[in-house]
$ cat final-v4.pdb   # PDB, C-alpha atoms, pLDDT in the B column
ATOM      1  CA  MET A 744     -21.311 -30.956 -22.447  1.00 44.00           C
ATOM      2  CA  LEU A 745     -17.938 -29.233 -22.404  1.00 46.00           C
ATOM      3  CA  VAL A 746     -19.514 -25.972 -23.543  1.00 46.00           C
ATOM      4  CA  CYS A 747     -22.075 -26.054 -20.741  1.00 50.00           C
ATOM      5  CA  GLN A 748     -19.602 -26.700 -17.939  1.00 56.00           C
ATOM      6  CA  PRO A 749     -18.410 -23.075 -17.546  1.00 49.00           C
ATOM      7  CA  ILE A 750     -22.025 -21.858 -17.518  1.00 56.00           C
ATOM      8  CA  ILE A 751     -22.986 -24.403 -14.875  1.00 58.00           C
ATOM      9  CA  ALA A 752     -19.913 -23.470 -12.815  1.00 47.00           C
ATOM     10  CA  MET A 753     -20.881 -19.785 -12.951  1.00 46.00           C
ATOM     11  CA  GLN A 754     -24.429 -20.601 -11.845  1.00 54.00           C
ATOM     12  CA  VAL A 755     -23.166 -22.683  -8.932  1.00 49.00           C
ATOM     13  CA  TYR A 756     -20.732 -19.929  -7.951  1.00 43.00           C
ATOM     14  CA  GLY A 757     -23.513 -17.333  -8.040  1.00 50.00           C
ATOM     15  CA  CYS A 758     -25.726 -19.538  -5.890  1.00 48.00           C
ATOM     16  CA  LEU A 759     -22.955 -20.093  -3.334  1.00 43.00           C
ATOM     17  CA  LYS A 760     -22.217 -16.375  -3.194  1.00 47.00           C
ATOM     18  CA  GLY A 761     -25.885 -15.679  -2.574  1.00 48.00           C
ATOM     19  CA  ILE A 762     -25.945 -18.177   0.293  1.00 44.00           C
ATOM     20  CA  GLN A 763     -22.771 -16.669   1.725  1.00 46.00           C
ATOM     21  CA  HIS A 764     -24.244 -13.162   1.713  1.00 47.00           C
ATOM     22  CA  TRP A 765     -27.435 -14.457   3.331  1.00 45.00           C
ATOM     23  CA  TRP A 766     -25.639 -16.295   6.128  1.00 48.00           C
ATOM     24  CA  TRP A 767     -22.715 -13.886   6.528  1.00 64.00           C
ATOM     25  CA  PRO A 768     -23.794 -10.425   5.356  1.00 75.00           C
ATOM     26  CA  ARG A 769     -21.099  -7.799   4.956  1.00 84.00           C
ATOM     27  CA  CYS A 770     -20.489  -5.376   7.798  1.00 91.00           C
ATOM     28  CA  CYS A 771     -18.662  -2.072   7.705  1.00 94.00           C
ATOM     29  CA  VAL A 772     -15.214  -2.573   9.231  1.00 94.00           C
ATOM     30  CA  LEU A 773     -15.527   0.714  11.137  1.00 94.00           C
ATOM     31  CA  CYS A 774     -19.125   1.155  12.294  1.00 93.00           C
ATOM     32  CA  GLY A 775     -20.436  -2.406  11.901  1.00 91.00           C
ATOM     33  CA  LEU A 776     -23.369  -1.398   9.684  1.00 91.00           C
ATOM     34  CA  VAL A 777     -24.744  -4.455   7.901  1.00 91.00           C
ATOM     35  CA  GLY A 778     -25.028  -3.921   4.167  1.00 82.00           C
ATOM     36  CA  GLN A 779     -23.393  -4.614   0.837  1.00 77.00           C
ATOM     37  CA  GLN A 780     -20.029  -2.944   1.517  1.00 85.00           C
ATOM     38  CA  ASP A 781     -17.042  -3.626   3.739  1.00 93.00           C
ATOM     39  CA  LEU A 782     -16.704   0.129   4.265  1.00 93.00           C
ATOM     40  CA  CYS A 783     -19.986   2.012   4.247  1.00 93.00           C
ATOM     41  CA  GLU A 784     -20.314   5.283   2.358  1.00 92.00           C
ATOM     42  CA  ALA A 785     -20.510   7.368   5.531  1.00 94.00           C
ATOM     43  CA  CYS A 786     -17.320   5.889   7.009  1.00 94.00           C
ATOM     44  CA  ALA A 787     -15.520   6.122   3.673  1.00 93.00           C
ATOM     45  CA  ALA A 788     -16.409   9.815   3.533  1.00 93.00           C
ATOM     46  CA  ASP A 789     -15.035  10.290   7.071  1.00 94.00           C
ATOM     47  CA  LEU A 790     -11.573   8.936   6.254  1.00 95.00           C
ATOM     48  CA  PRO A 791      -8.954  11.690   6.818  1.00 95.00           C
ATOM     49  CA  ARG A 792      -8.175  13.219   3.430  1.00 94.00           C
ATOM     50  CA  THR A 793      -4.879  14.670   2.315  1.00 92.00           C
ATOM     51  CA  GLY A 794      -5.133  18.437   2.027  1.00 90.00           C
ATOM     52  CA  SER A 795      -2.504  20.805   0.683  1.00 92.00           C
ATOM     53  CA  ALA A 796       0.739  18.891   0.355  1.00 94.00           C
ATOM     54  CA  CYS A 797       4.163  18.871  -1.261  1.00 96.00           C
ATOM     55  CA  GLU A 798       3.838  17.842  -4.881  1.00 95.00           C
ATOM     56  CA  ARG A 799       6.899  15.614  -4.505  1.00 97.00           C
ATOM     57  CA  CYS A 800       6.794  13.951  -1.088  1.00 96.00           C
ATOM     58  CA  ALA A 801       3.168  14.608  -0.010  1.00 95.00           C
ATOM     59  CA  GLU A 802       4.245  16.213   3.280  1.00 93.00           C
ATOM     60  CA  ALA A 803       1.536  18.566   4.543  1.00 92.00           C
ATOM     61  CA  LEU A 804       1.970  22.189   3.462  1.00 92.00           C
ATOM     62  CA  SER A 805      -0.063  25.328   3.960  1.00 89.00           C
ATOM     63  CA  ALA A 806      -0.294  25.703   0.175  1.00 87.00           C
ATOM     64  CA  THR A 807       0.324  23.518  -2.856  1.00 82.00           C
ATOM     65  CA  GLY A 808       3.943  23.447  -4.032  1.00 94.00           C
ATOM     66  CA  VAL A 809       7.240  21.681  -3.376  1.00 96.00           C
ATOM     67  CA  CYS A 810       8.576  21.631   0.168  1.00 95.00           C
ATOM     68  CA  GLY A 811      11.975  23.022   1.121  1.00 94.00           C
ATOM     69  CA  ARG A 812      13.434  19.593   1.874  1.00 93.00           C
ATOM     70  CA  CYS A 813      12.614  18.270  -1.609  1.00 96.00           C
ATOM     71  CA  LEU A 814      14.033  21.424  -3.178  1.00 96.00           C
ATOM     72  CA  ARG A 815      17.276  21.141  -1.204  1.00 96.00           C
ATOM     73  CA  GLU A 816      17.671  17.396  -1.633  1.00 94.00           C
ATOM     74  CA  PRO A 817      15.426  15.905  -4.356  1.00 97.00           C
ATOM     75  CA  PRO A 818      14.428  12.339  -3.421  1.00 97.00           C
ATOM     76  CA  SER A 819      15.004   9.295  -5.607  1.00 97.00           C
ATOM     77  CA  PHE A 820      11.278   8.804  -6.104  1.00 98.00           C
ATOM     78  CA  ASP A 821       9.460  11.132  -8.475  1.00 98.00           C
ATOM     79  CA  ARG A 822       6.258  11.559  -6.513  1.00 97.00           C
ATOM     80  CA  ILE A 823       4.325  10.167  -3.565  1.00 97.00           C
ATOM     81  CA  LEU A 824       0.596   9.721  -4.052  1.00 96.00           C
ATOM     82  CA  ALA A 825      -1.083   9.508  -0.657  1.00 96.00           C
ATOM     83  CA  PRO A 826      -4.845  10.131  -0.696  1.00 95.00           C
ATOM     84  CA  LEU A 827      -5.250   9.786   3.084  1.00 96.00           C
ATOM     85  CA  ARG A 828      -3.615  10.930   6.308  1.00 95.00           C
ATOM     86  CA  TYR A 829      -2.427   8.563   9.007  1.00 95.00           C
ATOM     87  CA  GLN A 830      -5.034   9.651  11.525  1.00 95.00           C
ATOM     88  CA  ALA A 831      -8.084   8.141  13.191  1.00 95.00           C
ATOM     89  CA  PRO A 832      -9.867   6.017  12.144  1.00 95.00           C
ATOM     90  CA  LEU A 833      -7.527   4.978   9.320  1.00 96.00           C
ATOM     91  CA  ASP A 834      -4.597   4.414  11.685  1.00 96.00           C
ATOM     92  CA  LEU A 835      -6.681   1.820  13.556  1.00 95.00           C
ATOM     93  CA  LEU A 836      -7.369  -0.136  10.364  1.00 96.00           C
ATOM     94  CA  ILE A 837      -3.695  -0.154   9.382  1.00 96.00           C
ATOM     95  CA  ARG A 838      -2.548  -1.256  12.843  1.00 95.00           C
ATOM     96  CA  GLN A 839      -5.130  -4.047  12.854  1.00 95.00           C
ATOM     97  CA  LEU A 840      -3.883  -5.191   9.463  1.00 95.00           C
ATOM     98  CA  LYS A 841      -0.203  -5.172  10.409  1.00 91.00           C
ATOM     99  CA  PHE A 842      -0.223  -6.290  14.020  1.00 90.00           C
ATOM    100  CA  ARG A 843      -3.480  -8.209  14.495  1.00 91.00           C
ATOM    101  CA  ASP A 844      -3.372 -10.243  11.267  1.00 90.00           C
ATOM    102  CA  LYS A 845      -6.667  -8.892   9.903  1.00 94.00           C
ATOM    103  CA  LEU A 846      -5.705  -9.536   6.311  1.00 94.00           C
ATOM    104  CA  HIS A 847      -9.174  -8.796   4.943  1.00 94.00           C
ATOM    105  CA  LEU A 848      -8.463  -5.135   5.704  1.00 96.00           C
ATOM    106  CA  ALA A 849      -5.770  -5.161   3.002  1.00 96.00           C
ATOM    107  CA  ARG A 850      -8.481  -5.942   0.464  1.00 95.00           C
ATOM    108  CA  VAL A 851     -10.769  -3.254   1.874  1.00 96.00           C
ATOM    109  CA  LEU A 852      -8.045  -0.593   1.837  1.00 96.00           C
ATOM    110  CA  GLY A 853      -6.745  -1.749  -1.536  1.00 95.00           C
ATOM    111  CA  GLU A 854     -10.188  -1.306  -3.060  1.00 93.00           C
ATOM    112  CA  VAL A 855     -10.424   2.203  -1.571  1.00 94.00           C
ATOM    113  CA  LEU A 856      -7.072   3.067  -3.129  1.00 95.00           C
ATOM    114  CA  ALA A 857      -8.040   1.582  -6.494  1.00 95.00           C
ATOM    115  CA  LYS A 858     -10.960   4.007  -6.646  1.00 93.00           C
ATOM    116  CA  GLU A 859      -8.685   6.896  -5.705  1.00 92.00           C
ATOM    117  CA  TRP A 860      -6.196   6.095  -8.450  1.00 93.00           C
ATOM    118  CA  ALA A 861      -8.623   5.021 -11.157  1.00 92.00           C
ATOM    119  CA  THR A 862      -7.702   8.082 -13.239  1.00 91.00           C
ATOM    120  CA  ALA A 863      -4.073   8.492 -12.123  1.00 90.00           C
ATOM    121  CA  PRO A 864      -1.264   8.037 -14.688  1.00 91.00           C
ATOM    122  CA  ARG A 865      -0.749   4.302 -14.958  1.00 95.00           C
ATOM    123  CA  PRO A 866       2.673   2.829 -14.229  1.00 97.00           C
ATOM    124  CA  ASP A 867       3.929  -0.185 -16.124  1.00 98.00           C
ATOM    125  CA  ALA A 868       3.855  -2.277 -12.941  1.00 98.00           C
ATOM    126  CA  LEU A 869       3.431  -2.258  -9.166  1.00 98.00           C
ATOM    127  CA  VAL A 870       6.282  -3.136  -6.802  1.00 98.00           C
ATOM    128  CA  PRO A 871       5.465  -3.756  -3.118  1.00 98.00           C
ATOM    129  CA  VAL A 872       8.001  -2.670  -0.517  1.00 97.00           C
ATOM    130  CA  PRO A 873       9.618  -5.965   0.531  1.00 96.00           C
ATOM    131  CA  LEU A 874      10.188  -7.314   4.009  1.00 94.00           C
ATOM    132  CA  HIS A 875      13.398  -9.035   4.994  1.00 92.00           C
ATOM    133  CA  ALA A 876      13.025 -12.830   5.081  1.00 91.00           C
ATOM    134  CA  ALA A 877      13.407 -12.901   8.862  1.00 90.00           C
ATOM    135  CA  ARG A 878      10.685 -10.270   9.366  1.00 89.00           C
ATOM    136  CA  LEU A 879       8.424 -12.049   6.881  1.00 92.00           C
ATOM    137  CA  ARG A 880       8.750 -15.300   8.831  1.00 92.00           C
ATOM    138  CA  GLU A 881       7.966 -13.439  12.039  1.00 90.00           C
ATOM    139  CA  ARG A 882       4.897 -11.602  10.724  1.00 90.00           C
ATOM    140  CA  GLY A 883       3.740 -14.244   8.270  1.00 93.00           C
ATOM    141  CA  PHE A 884       2.775 -11.809   5.515  1.00 95.00           C
ATOM    142  CA  ASN A 885       3.861  -8.590   3.853  1.00 96.00           C
ATOM    143  CA  GLN A 886       1.197  -5.901   4.240  1.00 95.00           C
ATOM    144  CA  ALA A 887       2.526  -3.969   1.232  1.00 97.00           C
ATOM    145  CA  LEU A 888       2.105  -7.036  -0.967  1.00 97.00           C
ATOM    146  CA  GLU A 889      -1.396  -7.676   0.381  1.00 97.00           C
ATOM    147  CA  LEU A 890      -2.364  -4.067  -0.422  1.00 97.00           C
ATOM    148  CA  SER A 891      -0.881  -4.458  -3.896  1.00 97.00           C
ATOM    149  CA  ARG A 892      -3.022  -7.465  -4.828  1.00 97.00           C
ATOM    150  CA  PRO A 893      -6.433  -5.705  -5.022  1.00 96.00           C
ATOM    151  CA  LEU A 894      -4.775  -2.672  -6.630  1.00 96.00           C
ATOM    152  CA  ALA A 895      -3.254  -4.800  -9.370  1.00 97.00           C
ATOM    153  CA  ARG A 896      -6.518  -6.651  -9.885  1.00 96.00           C
ATOM    154  CA  HIS A 897      -8.804  -3.614 -10.072  1.00 95.00           C
ATOM    155  CA  LEU A 898      -6.416  -1.444 -12.099  1.00 96.00           C
ATOM    156  CA  ARG A 899      -5.255  -4.354 -14.280  1.00 96.00           C
ATOM    157  CA  LEU A 900      -1.577  -3.747 -13.631  1.00 97.00           C
ATOM    158  CA  PRO A 901       1.253  -6.289 -13.432  1.00 97.00           C
ATOM    159  CA  LEU A 902       2.388  -7.019  -9.886  1.00 98.00           C
ATOM    160  CA  LEU A 903       6.143  -7.600  -9.641  1.00 98.00           C
ATOM    161  CA  LYS A 904       6.335  -9.412  -6.325  1.00 96.00           C
ATOM    162  CA  ARG A 905      10.045 -10.239  -6.594  1.00 95.00           C
ATOM    163  CA  ALA A 906      11.364  -7.182  -8.427  1.00 97.00           C
ATOM    164  CA  CYS A 907      12.805  -5.750  -5.228  1.00 97.00           C
ATOM    165  CA  ARG A 908      14.190  -7.563  -2.226  1.00 96.00           C
ATOM    166  CA  ARG A 909      15.523  -6.477   1.137  1.00 93.00           C
ATOM    167  CA  VAL A 910      19.049  -7.824   1.310  1.00 91.00           C
ATOM    168  CA  ARG A 911      19.918  -6.526   4.745  1.00 85.00           C
ATOM    169  CA  ALA A 912      17.959  -6.931   7.951  1.00 78.00           C
ATOM    170  CA  THR A 913      17.339  -3.550   9.533  1.00 74.00           C
ATOM    171  CA  GLN A 914      15.961  -2.282  12.782  1.00 64.00           C
ATOM    172  CA  THR A 915      12.272  -1.466  12.814  1.00 69.00           C
ATOM    173  CA  GLN A 916      11.932   2.101  11.606  1.00 67.00           C
ATOM    174  CA  SER A 917       9.357   2.946  14.274  1.00 63.00           C
ATOM    175  CA  ALA A 918      11.934   2.114  16.965  1.00 58.00           C
ATOM    176  CA  LEU A 919      14.322   4.793  15.705  1.00 64.00           C
ATOM    177  CA  PRO A 920      14.306   8.593  15.835  1.00 65.00           C
ATOM    178  CA  ALA A 921      13.781  10.293  12.466  1.00 65.00           C
ATOM    179  CA  GLN A 922      17.437  11.312  12.112  1.00 65.00           C
ATOM    180  CA  ARG A 923      18.610   7.676  12.282  1.00 69.00           C
ATOM    181  CA  ARG A 924      16.122   6.175   9.855  1.00 72.00           C
ATOM    182  CA  ARG A 925      17.980   7.140   6.687  1.00 69.00           C
ATOM    183  CA  GLY A 926      21.145   5.327   7.709  1.00 70.00           C
ATOM    184  CA  ASN A 927      19.147   2.361   8.940  1.00 70.00           C
ATOM    185  CA  VAL A 928      17.829   1.534   5.442  1.00 80.00           C
ATOM    186  CA  ARG A 929      20.758   2.782   3.349  1.00 83.00           C
ATOM    187  CA  GLY A 930      21.702   0.046   0.862  1.00 87.00           C
ATOM    188  CA  ALA A 931      19.106  -2.351   2.271  1.00 89.00           C
ATOM    189  CA  PHE A 932      17.422  -3.083  -1.095  1.00 95.00           C
ATOM    190  CA  GLU A 933      18.347  -4.603  -4.442  1.00 96.00           C
ATOM    191  CA  ALA A 934      16.138  -4.696  -7.527  1.00 97.00           C
ATOM    192  CA  ALA A 935      15.863  -6.355 -10.925  1.00 97.00           C
ATOM    193  CA  LEU A 936      13.220  -5.219 -13.409  1.00 97.00           C
ATOM    194  CA  PRO A 937      11.888  -6.638 -16.682  1.00 94.00           C
ATOM    195  CA  GLY A 938      12.616  -4.509 -19.717  1.00 91.00           C
ATOM    196  CA  HIS A 939       9.081  -3.151 -20.090  1.00 92.00           C
ATOM    197  CA  ALA A 940       8.946  -1.740 -16.541  1.00 96.00           C
ATOM    198  CA  ARG A 941      10.243   1.796 -17.065  1.00 97.00           C
ATOM    199  CA  HIS A 942       7.602   3.496 -14.926  1.00 98.00           C
ATOM    200  CA  VAL A 943       6.835   1.648 -11.703  1.00 98.00           C
ATOM    201  CA  ALA A 944       4.829   2.451  -8.593  1.00 98.00           C
ATOM    202  CA  VAL A 945       6.146   1.349  -5.208  1.00 98.00           C
ATOM    203  CA  VAL A 946       3.280   0.311  -2.912  1.00 98.00           C
ATOM    204  CA  ASP A 947       3.374   0.685   0.864  1.00 97.00           C
ATOM    205  CA  ASP A 948       0.912   1.180   3.688  1.00 96.00           C
ATOM    206  CA  VAL A 949       2.274   4.289   5.462  1.00 96.00           C
ATOM    207  CA  VAL A 950       5.036   6.768   4.650  1.00 95.00           C
ATOM    208  CA  THR A 951       6.422   9.044   7.374  1.00 89.00           C
ATOM    209  CA  THR A 952       9.989  10.215   6.817  1.00 90.00           C
ATOM    210  CA  GLY A 953      10.063   8.594   3.372  1.00 92.00           C
ATOM    211  CA  HIS A 954      13.516   7.030   3.848  1.00 93.00           C
ATOM    212  CA  THR A 955      12.340   3.460   3.208  1.00 94.00           C
ATOM    213  CA  VAL A 956      10.513   4.185  -0.046  1.00 96.00           C
ATOM    214  CA  ASN A 957      13.354   6.470  -1.115  1.00 96.00           C
ATOM    215  CA  GLU A 958      15.834   3.609  -0.812  1.00 95.00           C
ATOM    216  CA  VAL A 959      13.493   1.295  -2.722  1.00 97.00           C
ATOM    217  CA  ALA A 960      13.188   3.929  -5.461  1.00 98.00           C
ATOM    218  CA  ARG A 961      16.971   4.298  -5.550  1.00 97.00           C
ATOM    219  CA  ALA A 962      17.371   0.543  -6.084  1.00 97.00           C
ATOM    220  CA  LEU A 963      14.694   0.478  -8.795  1.00 98.00           C
ATOM    221  CA  LYS A 964      16.273   3.346 -10.713  1.00 98.00           C
ATOM    222  CA  LYS A 965      19.631   1.615 -10.455  1.00 97.00           C
ATOM    223  CA  ALA A 966      17.888  -1.409 -12.005  1.00 97.00           C
ATOM    224  CA  GLY A 967      16.691   0.640 -14.982  1.00 97.00           C
ATOM    225  CA  ALA A 968      13.458   2.355 -13.946  1.00 98.00           C
ATOM    226  CA  GLU A 969      13.061   5.801 -15.474  1.00 98.00           C
ATOM    227  CA  ARG A 970      10.235   6.934 -13.204  1.00 98.00           C
ATOM    228  CA  VAL A 971       9.328   5.682  -9.732  1.00 98.00           C
ATOM    229  CA  ASP A 972       6.166   6.844  -8.021  1.00 98.00           C
ATOM    230  CA  VAL A 973       5.153   5.824  -4.517  1.00 98.00           C
ATOM    231  CA  TRP A 974       1.561   4.781  -3.924  1.00 98.00           C
ATOM    232  CA  CYS A 975       0.823   4.612  -0.217  1.00 97.00           C
ATOM    233  CA  CYS A 976      -2.363   4.311   1.739  1.00 96.00           C
ATOM    234  CA  ALA A 977      -1.493   7.148   4.099  1.00 96.00           C
ATOM    235  CA  ARG A 978       1.071   9.872   4.714  1.00 95.00           C
ATOM    236  CA  ALA A 979       1.960  10.439   8.346  1.00 92.00           C
ATOM    237  CA  GLN A 980       3.542  13.555   9.711  1.00 79.00           C
ATOM    238  CA  THR A 981       7.203  13.281  10.655  1.00 68.00           C
ATOM    239  CA  ASP A 982       6.399  13.290  14.362  1.00 50.00           C
ATOM    240  CA  HIS A 983       4.442  10.050  13.897  1.00 38.00           C
ATOM    241  CA  ARG A 984       6.116   6.678  13.844  1.00 38.00           C
ATOM    242  CA  ASP A 985       6.891   5.015  10.545  1.00 39.00           C
ATOM    243  CA  HIS A 986       6.506   1.329   9.691  1.00 40.00           C
TER     244      HIS A 986
END
$ encode --input "final-v4.pdb" --output "structure tokens"
Amino acid sequence: MLVCQPIIAMQVYGCLKGIQHWWWPRCCVLCGLVGQQDLCEACAADLPRTGSACERCAEALSATGVCGRCLREPPSFDRILAPLRYQAPLDLLIRQLKFRDKLHLARVLGEVLAKEWATAPRPDALVPVPLHAARLRERGFNQALELSRPLARHLRLPLLKRACRRVRATQTQSALPAQRRRGNVRGAFEAALPGHARHVAVVDDVVTTGHTVNEVARALKKAGAERVDVWCCARAQTDHRDH
């Protein structure tokens, strides 16, 4: 009897999933097409792709290479991997996730990113950019953490939810001009890493100026990380507003 219980549970689960798909079929989150995917192939193909970009910070460039800013002042992170640009229709999905509490979009976007990074060099662990406790209470969730969950699951990577914390409440980056954002987040993070986590990937939704993820990377390297990559859903141009 004990041996059969897992089999019976799997059969019941499969039956319930079949009923769920019959009553509530999946619809594409962009075009509404009913099918088997949350993001249909046509809409996935239309997402704004990153073209030529800086090999360090992923800022758009006319040709592949390292941008002048990274050459003059190398950032604390080693590389930003951003497969998409913060443009329509992706910007709509991210705003709906962050400001309209559509948490299922974190799973959809996380699965898109997992496919993008299936062959990327694997870090030892993922570290989501943390929110300050006050902001977390206000919003109710951390979008970076929610994006990290499907990534960790699909890529089979440890998710260090508490490795980095925001120890100082800061103004919202989007409310500040670019030149004030660096000072706004300076010293705002502290980190503690397990011994095996020498190469970590910081996960965030959007990077614009890069000051937030740079400060997170600085804290992680201070905590012992040897390499810190940044995995973000989208890279925005510096004239866009950051998170």
$ resolve_selection --input "final-v4.pdb" --expression "the PyMOL selection byres ((chain A and resi 873) around 8)" --output "ChimeraX atom specification"
/A:871-872,874-875,885,887-888,907-909
$ axis_aligned_box --input "final-v4.pdb" --around "region 781-787 of chain A" --padding-each-side "5 Å" --output "JSON"
{"center_x": -18.0, "center_y": 1.9, "center_z": 4.7, "size_x": 15.0, "size_y": 21.0, "size_z": 14.7}
$ residues_around --input "final-v4.pdb" --residues "Val959 (chain A)" --least-positions-apart "3" --cutoff "8 Å" --atoms "all atoms listed in the file" --output "JSON, numbers by chain"
{"A": [872, 907, 932, 933, 945, 955, 956, 962, 963]}
$ resolve_selection --input "final-v4.pdb" --expression "the PyMOL selection byres ((chain A and resi 816-819) around 7)" --output "VMD selection string"
chain A and resid 812 to 815 820 to 821 957 960 to 961
$ resolve_selection --input "final-v4.pdb" --expression "the PyMOL selection byres ((chain A and resi 899-905) around 9)" --output "ChimeraX atom specification"
/A:865-871,873,888,891-892,894-898,906-908,934-936
$ atom_distance --input "final-v4.pdb" --atom1 "CA of Asp947 (chain A)" --atom2 "CA of Trp974 (chain A)"
6.6 Å
$ closest_residue --input "final-v4.pdb" --among "A:Ala785, A:Tyr829, A:Trp860, A:Arg822" --to "Cys797 (chain A)" --atoms "all atoms listed in the file"
A:Arg822
$ closest_residue --input "final-v4.pdb" --among "A:Val943, A:Ala803, A:Val855, A:Ala825" --to "Ala788 (chain A)" --atoms "all atoms listed in the file"
A:Val855
$ atom_distance --input "final-v4.pdb" --atom1 "CA of Ala966 (chain A)" --atom2 "CA of Arg978 (chain A)"
26.3 Å
$ residues_around --input "final-v4.pdb" --residues "His954 (chain A)" --least-positions-apart "4" --cutoff "9 Å" --atoms "only C-alpha atoms" --output "JSON, numbers by chain"
{"A": [924, 925, 926, 927, 928, 929, 950, 958, 959]}
$ closest_residue --input "final-v4.pdb" --among "A:Gly811, A:Leu824, A:Thr952, A:Ala977" --to "Leu790 (chain A)" --atoms "only C-alpha atoms"
A:Ala977
$ closest_residue --input "final-v4.pdb" --among "A:Pro768, A:Asp972, A:Val910, A:Leu835" --to "Glu798 (chain A)" --atoms "all atoms listed in the file"
A:Asp972
$ build_atoms --input "final-v4.pdb" --residues "region 955-961 of chain A" --atoms "all heavy atoms" --output "mmCIF file, keeping the file's coordinate frame"
data_model
loop_
_atom_site.group_PDB
_atom_site.id
_atom_site.type_symbol
_atom_site.label_atom_id
_atom_site.label_comp_id
_atom_site.auth_asym_id
_atom_site.auth_seq_id
_atom_site.Cartn_x
_atom_site.Cartn_y
_atom_site.Cartn_z
ATOM 1 N N THR A 955 12.466 4.823 3.727
ATOM 2 C CA THR A 955 12.340 3.460 3.208
ATOM 3 C C THR A 955 11.981 3.463 1.730
ATOM 4 O O THR A 955 12.646 2.824 0.914
ATOM 5 C CB THR A 955 11.281 2.678 4.012
ATOM 6 O OG1 THR A 955 11.679 2.594 5.377
ATOM 7 C CG2 THR A 955 11.114 1.267 3.453
ATOM 8 N N VAL A 956 10.924 4.179 1.363
ATOM 9 C CA VAL A 956 10.513 4.185 -0.046
ATOM 10 C C VAL A 956 11.557 4.879 -0.915
ATOM 11 O O VAL A 956 11.692 4.563 -2.107
ATOM 12 C CB VAL A 956 9.127 4.833 -0.223
ATOM 13 C CG1 VAL A 956 8.049 3.954 0.407
ATOM 14 C CG2 VAL A 956 9.072 6.246 0.348
ATOM 15 N N ASN A 957 12.301 5.807 -0.342
ATOM 16 C CA ASN A 957 13.354 6.470 -1.115
ATOM 17 C C ASN A 957 14.464 5.485 -1.471
ATOM 18 O O ASN A 957 14.986 5.508 -2.592
ATOM 19 C CB ASN A 957 13.928 7.642 -0.323
ATOM 20 C CG ASN A 957 14.771 8.561 -1.183
ATOM 21 O OD1 ASN A 957 14.274 9.129 -2.159
ATOM 22 N ND2 ASN A 957 16.035 8.714 -0.855
ATOM 23 N N GLU A 958 14.808 4.614 -0.535
ATOM 24 C CA GLU A 958 15.834 3.609 -0.812
ATOM 25 C C GLU A 958 15.345 2.578 -1.814
ATOM 26 O O GLU A 958 16.105 2.105 -2.660
ATOM 27 C CB GLU A 958 16.274 2.928 0.483
ATOM 28 C CG GLU A 958 17.220 3.751 1.319
ATOM 29 C CD GLU A 958 18.496 4.095 0.563
ATOM 30 O OE1 GLU A 958 19.157 3.179 0.021
ATOM 31 O OE2 GLU A 958 18.828 5.293 0.493
ATOM 32 N N VAL A 959 14.062 2.214 -1.728
ATOM 33 C CA VAL A 959 13.493 1.295 -2.722
ATOM 34 C C VAL A 959 13.542 1.944 -4.100
ATOM 35 O O VAL A 959 13.909 1.310 -5.096
ATOM 36 C CB VAL A 959 12.047 0.912 -2.346
ATOM 37 C CG1 VAL A 959 11.398 0.106 -3.466
ATOM 38 C CG2 VAL A 959 12.027 0.102 -1.052
ATOM 39 N N ALA A 960 13.153 3.214 -4.182
ATOM 40 C CA ALA A 960 13.188 3.929 -5.461
ATOM 41 C C ALA A 960 14.608 4.012 -6.004
ATOM 42 O O ALA A 960 14.834 3.871 -7.216
ATOM 43 C CB ALA A 960 12.606 5.331 -5.286
ATOM 44 N N ARG A 961 15.577 4.232 -5.118
ATOM 45 C CA ARG A 961 16.971 4.298 -5.550
ATOM 46 C C ARG A 961 17.396 2.974 -6.193
ATOM 47 O O ARG A 961 18.035 2.953 -7.257
ATOM 48 C CB ARG A 961 17.874 4.612 -4.354
ATOM 49 C CG ARG A 961 19.322 4.901 -4.738
ATOM 50 C CD ARG A 961 20.231 4.845 -3.498
ATOM 51 N NE ARG A 961 19.721 5.689 -2.419
ATOM 52 C CZ ARG A 961 19.996 6.985 -2.308
ATOM 53 N NH1 ARG A 961 20.745 7.582 -3.211
ATOM 54 N NH2 ARG A 961 19.512 7.674 -1.288
#
